[in-house]
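Peer 1: This structure is in structure tokens; I'll ask about it shortly.
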Amino acid sequence: MKKIVANFKMNQTPTDTKKYLMTFLSRVSEDADVTLCLPFTSIAEGVYLTRGGNVKIGAQNLSDEEKGSFTGEISGAMLKDAGVSEVIVGHNERRAKFKENSKIINKKIKIALKNRLKVILCVGESLAQRNTLKTFEVLKEQLEEALKGLYQNELDRIVIAYEPIWATGTGKHATQKEVEEAVKIIRKVISEDFSAAAAENICVLYGGSITQKNCKAVMNAKGINGALIGAASCDPLELVKIINII
Ligand code: PGA
């Protein structure tokens, strides 16, 4: 079964989330593996409405500090206690717009794991990097920096999302072949740095302009375990359709 992660980004008030979930939860299949990464302010509503069901609630970010004088930040412990089970780390929007570097991403991952949150680690190259044949180099560096100091058994709680920058929020998705190549690179790096078994077992998602029209072809890529969906997940009916297709 494919894993689906929905990234709502900075969309939906708690009232919107309530309406969304009324529609979504009555239609989504009971055996779907779905995590809805809601804005912080919608998490309580999401946790409440999904209680006892198969739909998990995730967050889109956490602080790289554990606690203290960091006005406006949200800690891993806060997310865990609020009922969050997974958190996105290293999304390209945070890397670019909030200047999150690999050191910060590595700290965030360690804090998330310490709080028993599953991490959805995003990696991906820009168009310029792809055009100059740097995709391998970029993915390897992003993975190695992010996973530095982790034990092999901790990879059970890491999901890697391949999200090329040129495909996120652009309407242009990677082809099946491009996804297959990236998945191969990701598993090769994990195999070299951890083990062949870790590389085989790690869950790899693709994200970037997925819609109900293109999801089947992209999800046919060899080695892909699921999808990270942004814009298309904002419509509950579209998300249900995608889940049913893949
Ligand atoms: P998109 O976003 O599906 O709208 O391209 C995916 C993401 O940024 O996680």
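By order in the structure tokens, chains are A, B, ...; within a chain, residues start at 1; ligands start at 1, following the order shown.
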Throw together the list of residues within 9 Å of ligand 1, counting only C-alpha atoms and all ligand atoms, and drop it here as a PDB file with N, CA and C atoms, in the first residue's frame.

Peer 2:
ATOM      1  N   VAL A   5       1.227  11.501   2.091  1.00  0.00           N
ATOM      2  CA  VAL A   5       1.382  12.606   3.033  1.00  0.00           C
ATOM      3  C   VAL A   5       0.850  13.863   2.352  1.00  0.00           C
ATOM      4  N   ALA A   6      -0.078  14.546   3.016  1.00  0.00           N
ATOM      5  CA  ALA A   6      -0.616  15.789   2.459  1.00  0.00           C
ATOM      6  C   ALA A   6       0.029  16.956   3.181  1.00  0.00           C
ATOM      7  N   ASN A   7       0.539  17.898   2.407  1.00  0.00           N
ATOM      8  CA  ASN A   7       1.175  19.091   2.970  1.00  0.00           C
ATOM      9  C   ASN A   7       0.278  20.289   2.667  1.00  0.00           C
ATOM     10  N   PHE A   8      -0.385  20.788   3.701  1.00  0.00           N
ATOM     11  CA  PHE A   8      -1.342  21.886   3.486  1.00  0.00           C
ATOM     12  C   PHE A   8      -0.669  23.257   3.420  1.00  0.00           C
ATOM     13  N   LYS A   9       0.620  23.290   3.743  1.00  0.00           N
ATOM     14  CA  LYS A   9       1.372  24.561   3.753  1.00  0.00           C
ATOM     15  C   LYS A   9       0.613  25.601   4.596  1.00  0.00           C
ATOM     16  N   HIS A  91      11.846  20.855   3.991  1.00  0.00           N
ATOM     17  CA  HIS A  91      11.105  21.191   2.766  1.00  0.00           C
ATOM     18  C   HIS A  91      11.841  22.315   2.036  1.00  0.00           C
ATOM     19  N   ASN A  92      11.829  22.280   0.707  1.00  0.00           N
ATOM     20  CA  ASN A  92      12.629  23.278  -0.021  1.00  0.00           C
ATOM     21  C   ASN A  92      12.137  24.715   0.206  1.00  0.00           C
ATOM     22  N   GLU A  93      10.866  24.883   0.559  1.00  0.00           N
ATOM     23  CA  GLU A  93      10.393  26.238   0.863  1.00  0.00           C
ATOM     24  C   GLU A  93      11.046  26.746   2.153  1.00  0.00           C
ATOM     25  N   CYS A 122      12.647  16.007   3.360  1.00  0.00           N
ATOM     26  CA  CYS A 122      12.573  16.372   1.939  1.00  0.00           C
ATOM     27  C   CYS A 122      13.956  16.683   1.377  1.00  0.00           C
ATOM     28  N   ALA A 161      11.446  12.084   1.264  1.00  0.00           N
ATOM     29  CA  ALA A 161      10.585  12.564   0.180  1.00  0.00           C
ATOM     30  C   ALA A 161      11.455  13.232  -0.876  1.00  0.00           C
ATOM     31  N   GLU A 163      11.663  15.630  -3.540  1.00  0.00           N
ATOM     32  CA  GLU A 163      10.855  16.750  -4.024  1.00  0.00           C
ATOM     33  C   GLU A 163      11.738  17.709  -4.812  1.00  0.00           C
ATOM     34  N   ILE A 165      12.975  20.801  -6.643  1.00  0.00           N
ATOM     35  CA  ILE A 165      12.500  22.185  -6.451  1.00  0.00           C
ATOM     36  C   ILE A 165      11.704  22.652  -7.664  1.00  0.00           C
ATOM     37  N   ALA A 167       9.770  21.089  -9.414  1.00  0.00           N
ATOM     38  CA  ALA A 167       8.463  20.443  -9.564  1.00  0.00           C
ATOM     39  C   ALA A 167       7.491  20.801  -8.441  1.00  0.00           C
ATOM     40  N   THR A 168       7.983  21.432  -7.366  1.00  0.00           N
ATOM     41  CA  THR A 168       7.048  21.707  -6.262  1.00  0.00           C
ATOM     42  C   THR A 168       6.339  23.039  -6.478  1.00  0.00           C
ATOM     43  N   GLY A 169       5.017  22.928  -6.524  1.00  0.00           N
ATOM     44  CA  GLY A 169       4.185  24.122  -6.680  1.00  0.00           C
ATOM     45  C   GLY A 169       4.285  24.759  -8.058  1.00  0.00           C
ATOM     46  N   THR A 170       4.806  24.038  -9.028  1.00  0.00           N
ATOM     47  CA  THR A 170       5.024  24.631 -10.358  1.00  0.00           C
ATOM     48  C   THR A 170       4.071  24.083 -11.419  1.00  0.00           C
ATOM     49  N   GLY A 171       3.410  22.982 -11.109  1.00  0.00           N
ATOM     50  CA  GLY A 171       2.548  22.354 -12.113  1.00  0.00           C
ATOM     51  C   GLY A 171       3.329  21.429 -13.043  1.00  0.00           C
ATOM     52  N   LYS A 172       4.653  21.353 -12.824  1.00  0.00           N
ATOM     53  CA  LYS A 172       5.480  20.495 -13.684  1.00  0.00           C
ATOM     54  C   LYS A 172       6.002  19.340 -12.825  1.00  0.00           C
ATOM     55  N   HIS A 173       5.566  18.126 -13.129  1.00  0.00           N
ATOM     56  CA  HIS A 173       5.997  16.997 -12.285  1.00  0.00           C
ATOM     57  C   HIS A 173       7.148  16.231 -12.926  1.00  0.00           C
ATOM     58  N   TYR A 206       7.567  10.491  -3.491  1.00  0.00           N
ATOM     59  CA  TYR A 206       7.816  11.549  -4.479  1.00  0.00           C
ATOM     60  C   TYR A 206       6.822  12.678  -4.224  1.00  0.00           C
ATOM     61  N   GLY A 207       7.279  13.918  -4.307  1.00  0.00           N
ATOM     62  CA  GLY A 207       6.387  15.072  -4.196  1.00  0.00           C
ATOM     63  C   GLY A 207       6.733  16.106  -5.246  1.00  0.00           C
ATOM     64  N   GLY A 208       5.718  16.758  -5.775  1.00  0.00           N
ATOM     65  CA  GLY A 208       5.923  17.810  -6.772  1.00  0.00           C
ATOM     66  C   GLY A 208       4.830  17.769  -7.814  1.00  0.00           C
ATOM     67  N   SER A 209       3.833  18.662  -7.649  1.00  0.00           N
ATOM     68  CA  SER A 209       2.754  18.828  -8.633  1.00  0.00           C
ATOM     69  C   SER A 209       1.990  17.537  -8.943  1.00  0.00           C
ATOM     70  N   ILE A 210       1.775  16.725  -7.925  1.00  0.00           N
ATOM     71  CA  ILE A 210       0.975  15.510  -8.125  1.00  0.00           C
ATOM     72  C   ILE A 210      -0.502  15.892  -8.199  1.00  0.00           C
ATOM     73  N   THR A 211      -1.202  15.319  -9.170  1.00  0.00           N
ATOM     74  CA  THR A 211      -2.649  15.515  -9.310  1.00  0.00           C
ATOM     75  C   THR A 211      -3.280  14.155  -9.588  1.00  0.00           C
ATOM     76  N   LEU A 228       3.974  12.716  -1.600  1.00  0.00           N
ATOM     77  CA  LEU A 228       3.796  13.910  -0.758  1.00  0.00           C
ATOM     78  C   LEU A 228       3.062  14.917  -1.638  1.00  0.00           C
ATOM     79  N   ILE A 229       1.890  15.309  -1.199  1.00  0.00           N
ATOM     80  CA  ILE A 229       1.010  16.078  -2.081  1.00  0.00           C
ATOM     81  C   ILE A 229       0.705  17.441  -1.472  1.00  0.00           C
ATOM     82  N   GLY A 230       0.964  18.510  -2.228  1.00  0.00           N
ATOM     83  CA  GLY A 230       0.703  19.854  -1.756  1.00  0.00           C
ATOM     84  C   GLY A 230      -0.645  20.354  -2.245  1.00  0.00           C
ATOM     85  N   ALA A 231      -0.629  21.157  -3.297  1.00  0.00           N
ATOM     86  CA  ALA A 231      -1.834  21.850  -3.781  1.00  0.00           C
ATOM     87  C   ALA A 231      -3.049  20.926  -3.952  1.00  0.00           C
ATOM     88  N   ALA A 232      -2.821  19.753  -4.540  1.00  0.00           N
ATOM     89  CA  ALA A 232      -3.970  18.871  -4.824  1.00  0.00           C
ATOM     90  C   ALA A 232      -4.646  18.373  -3.555  1.00  0.00           C
ATOM     91  N   SER A 233      -3.936  18.417  -2.419  1.00  0.00           N
ATOM     92  CA  SER A 233      -4.549  17.907  -1.189  1.00  0.00           C
ATOM     93  C   SER A 233      -5.481  18.942  -0.549  1.00  0.00           C
TER      94      SER A 233
END

Peer 1: Please identify the strand (DSSP E or B) residues within range 123-172 of chain A (assignment by DSSP from backbone atoms) and present them as a list in words.

Peer 2: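 Secondary structure check on range 123-172 of chain A, strand (DSSP E or B): Val123, Ile158, Val159, Ile160, Ala161 and Tyr162 of chain A.
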
Peer 1: Write a file of the selected residues as a PDB file, in the first residue's frame, keeping N, CA, C and O atoms.

Peer 2:
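Ended up saving to part24.pdb:
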ATOM      1  N   VAL A 123      14.231  16.127   0.217  1.00  0.00           N
ATOM      2  CA  VAL A 123      15.467  16.426  -0.508  1.00  0.00           C
ATOM      3  C   VAL A 123      15.107  16.666  -1.971  1.00  0.00           C
ATOM      4  O   VAL A 123      14.075  16.175  -2.443  1.00  0.00           O
ATOM      5  N   ILE A 158      12.420   7.341   9.659  1.00  0.00           N
ATOM      6  CA  ILE A 158      12.700   8.388   8.665  1.00  0.00           C
ATOM      7  C   ILE A 158      12.058   7.978   7.341  1.00  0.00           C
ATOM      8  O   ILE A 158      12.218   6.845   6.885  1.00  0.00           O
ATOM      9  N   VAL A 159      11.353   8.923   6.759  1.00  0.00           N
ATOM     10  CA  VAL A 159      10.796   8.746   5.415  1.00  0.00           C
ATOM     11  C   VAL A 159      11.507   9.790   4.558  1.00  0.00           C
ATOM     12  O   VAL A 159      11.644  10.932   4.979  1.00  0.00           O
ATOM     13  N   ILE A 160      11.970   9.394   3.381  1.00  0.00           N
ATOM     14  CA  ILE A 160      12.621  10.375   2.502  1.00  0.00           C
ATOM     15  C   ILE A 160      11.637  10.790   1.414  1.00  0.00           C
ATOM     16  O   ILE A 160      11.064   9.924   0.735  1.00  0.00           O
ATOM     17  N   ALA A 161      11.446  12.084   1.264  1.00  0.00           N
ATOM     18  CA  ALA A 161      10.585  12.564   0.180  1.00  0.00           C
ATOM     19  C   ALA A 161      11.455  13.232  -0.876  1.00  0.00           C
ATOM     20  O   ALA A 161      12.133  14.232  -0.580  1.00  0.00           O
ATOM     21  N   TYR A 162      11.465  12.663  -2.073  1.00  0.00           N
ATOM     22  CA  TYR A 162      12.182  13.298  -3.178  1.00  0.00           C
ATOM     23  C   TYR A 162      11.271  14.369  -3.755  1.00  0.00           C
ATOM     24  O   TYR A 162      10.229  14.063  -4.328  1.00  0.00           O
TER      25      TYR A 162
END

Peer 1: Env of range 144-155 of chain A: 12 Å cut, atoms = only C-alpha atoms, seq-sep filter 5 positions within chain, self excluded. Answer as a PyMOL selection string.

Peer 2: chain A and resi 89-91+100-114+116-123+137-139+160+186+188-204

Peer 1: With C-alpha atoms retained, write the just-selected residues as a PDB file, in the first residue's frame.

Peer 2:
ATOM      1  CA  VAL A  89      11.728  18.522   7.865  1.00  0.00           C
ATOM      2  CA  GLY A  90      13.861  20.182   5.184  1.00  0.00           C
ATOM      3  CA  HIS A  91      11.105  21.191   2.766  1.00  0.00           C
ATOM      4  CA  GLU A 100      17.315  26.435   6.882  1.00  0.00           C
ATOM      5  CA  ASN A 101      20.724  24.912   6.306  1.00  0.00           C
ATOM      6  CA  SER A 102      21.797  21.314   6.645  1.00  0.00           C
ATOM      7  CA  LYS A 103      23.002  21.820  10.231  1.00  0.00           C
ATOM      8  CA  ILE A 104      19.584  23.082  11.307  1.00  0.00           C
ATOM      9  CA  ILE A 105      17.868  20.239   9.438  1.00  0.00           C
ATOM     10  CA  ASN A 106      20.082  17.678  11.172  1.00  0.00           C
ATOM     11  CA  LYS A 107      19.267  19.203  14.588  1.00  0.00           C
ATOM     12  CA  LYS A 108      15.546  19.184  13.831  1.00  0.00           C
ATOM     13  CA  ILE A 109      15.652  15.522  12.833  1.00  0.00           C
ATOM     14  CA  LYS A 110      17.413  14.566  16.061  1.00  0.00           C
ATOM     15  CA  ILE A 111      14.892  16.482  18.160  1.00  0.00           C
ATOM     16  CA  ALA A 112      11.967  14.930  16.288  1.00  0.00           C
ATOM     17  CA  LEU A 113      13.359  11.424  16.815  1.00  0.00           C
ATOM     18  CA  LYS A 114      14.024  12.111  20.487  1.00  0.00           C
ATOM     19  CA  ARG A 116       9.324   9.794  18.974  1.00  0.00           C
ATOM     20  CA  LEU A 117       8.012  11.656  15.951  1.00  0.00           C
ATOM     21  CA  LYS A 118       8.422  10.155  12.501  1.00  0.00           C
ATOM     22  CA  VAL A 119      10.380  12.452  10.143  1.00  0.00           C
ATOM     23  CA  ILE A 120       9.507  13.143   6.526  1.00  0.00           C
ATOM     24  CA  LEU A 121      12.822  14.454   5.221  1.00  0.00           C
ATOM     25  CA  CYS A 122      12.573  16.372   1.939  1.00  0.00           C
ATOM     26  CA  VAL A 123      15.467  16.426  -0.508  1.00  0.00           C
ATOM     27  CA  GLU A 137      25.816  15.191  -5.839  1.00  0.00           C
ATOM     28  CA  VAL A 138      23.025  17.364  -4.402  1.00  0.00           C
ATOM     29  CA  LEU A 139      20.890  14.473  -3.164  1.00  0.00           C
ATOM     30  CA  ILE A 160      12.621  10.375   2.502  1.00  0.00           C
ATOM     31  CA  ILE A 186      18.605   7.845  -2.494  1.00  0.00           C
ATOM     32  CA  LYS A 188      22.427   3.954  -3.028  1.00  0.00           C
ATOM     33  CA  VAL A 189      23.447   6.685  -0.573  1.00  0.00           C
ATOM     34  CA  ILE A 190      21.580   4.990   2.294  1.00  0.00           C
ATOM     35  CA  SER A 191      23.166   1.682   1.377  1.00  0.00           C
ATOM     36  CA  GLU A 192      26.684   3.159   1.384  1.00  0.00           C
ATOM     37  CA  ASP A 193      26.220   5.143   4.581  1.00  0.00           C
ATOM     38  CA  PHE A 194      24.125   2.655   6.568  1.00  0.00           C
ATOM     39  CA  SER A 195      23.448  -0.770   5.028  1.00  0.00           C
ATOM     40  CA  ALA A 196      21.863  -2.542   2.076  1.00  0.00           C
ATOM     41  CA  ALA A 197      18.987  -3.604   4.338  1.00  0.00           C
ATOM     42  CA  ALA A 198      18.379  -0.013   5.467  1.00  0.00           C
ATOM     43  CA  ALA A 199      18.380   1.119   1.827  1.00  0.00           C
ATOM     44  CA  GLU A 200      15.860  -1.528   0.891  1.00  0.00           C
ATOM     45  CA  ASN A 201      13.554  -0.828   3.819  1.00  0.00           C
ATOM     46  CA  ILE A 202      13.531   2.961   3.807  1.00  0.00           C
ATOM     47  CA  CYS A 203      10.284   4.516   2.647  1.00  0.00           C
ATOM     48  CA  VAL A 204      10.766   6.888  -0.306  1.00  0.00           C
TER      49      VAL A 204
END

Peer 1: Which residue out of A:Asp235, A:Phe70, A:Ile243, A:Gly83 has the minimum interatomic distance to Thr17 in chain A when only C-alpha atoms are used?

Peer 2: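 The shortest atom-to-atom distance to Thr17 in chain A comes from A:Asp235.
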
Peer 1: Which one of A:Met78, A:Val87, A:Ala44, A:Leu205 sits closest to Gly124 in chain A if you count only C-alpha atoms?

Peer 2: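 Using only C-alpha atoms, the shortest distance to Gly124 in chain A belongs to A:Leu205.
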
Peer 1: Please provide the set of residues having any atom within 6 Å of Trp166 in chain A, restricted to only C-alpha atoms, with same-chain residues fewer than 2 positions apart removed, written as a PyMOL selection string.

Peer 2: chain A and resi 126-127+164+168

Peer 1: Take the residues that were just selected and, keeping N, CA, C and O atoms, output them as a PDB file, in the first residue's frame.

Peer 2:
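Result file out.pdb:
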ATOM      1  N   SER A 126      17.569  21.716  -7.693  1.00  0.00           N
ATOM      2  CA  SER A 126      16.971  22.810  -8.478  1.00  0.00           C
ATOM      3  C   SER A 126      17.091  22.452  -9.958  1.00  0.00           C
ATOM      4  O   SER A 126      17.813  21.499 -10.328  1.00  0.00           O
ATOM      5  N   LEU A 127      16.448  23.238 -10.794  1.00  0.00           N
ATOM      6  CA  LEU A 127      16.526  22.983 -12.231  1.00  0.00           C
ATOM      7  C   LEU A 127      17.955  23.195 -12.735  1.00  0.00           C
ATOM      8  O   LEU A 127      18.471  22.409 -13.536  1.00  0.00           O
ATOM      9  N   PRO A 164      11.880  17.484  -6.123  1.00  0.00           N
ATOM     10  CA  PRO A 164      12.694  18.413  -6.904  1.00  0.00           C
ATOM     11  C   PRO A 164      12.107  19.821  -6.821  1.00  0.00           C
ATOM     12  O   PRO A 164      10.882  19.987  -6.897  1.00  0.00           O
ATOM     13  N   THR A 168       7.983  21.432  -7.366  1.00  0.00           N
ATOM     14  CA  THR A 168       7.048  21.707  -6.262  1.00  0.00           C
ATOM     15  C   THR A 168       6.339  23.039  -6.478  1.00  0.00           C
ATOM     16  O   THR A 168       6.985  24.078  -6.636  1.00  0.00           O
TER      17      THR A 168
END

Peer 1: Please return as a count of residues only: the residues of range 28-174 of chain A that backbone DSSP assigns to helix (DSSP H, G or I).

Peer 2: 63

Peer 1: Applying 9 Å and only C-alpha atoms, which residues near Thr175 in chain A remain after dropping the ones on its own chain fewer than 2 positions away? List them as a list of chain:residue names.

Peer 2: A:His173, A:Lys177, A:Glu178, A:Val179, A:Glu180, A:Ala217, A:Val218, A:Ala221

Peer 1: So, with only C-alpha atoms as the atoms that count, which of A:Ala32, A:Ala82, A:Ile242, A:Ala227 lies closest to Gln212 in chain A?

Peer 2: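 Looking only at the distances to Gln212 in chain A, the closest residue turns out to be A:Ile242.
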
Peer 1: Using only C-alpha atoms, which of A:Ile4, A:Ile57, A:Ile185, A:Met10 sits nearest Lys134 in chain A?

Peer 2: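 Counting only C-alpha atoms, the residue closest to Lys134 in chain A is A:Ile185.
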
Peer 1: Kindly indicate which residue among A:Ser26, A:Asn220, A:Gln129, A:Asn225 lies nearest to Gln176 in chain A, using only C-alpha atoms for the distances.

Peer 2: A:Asn220
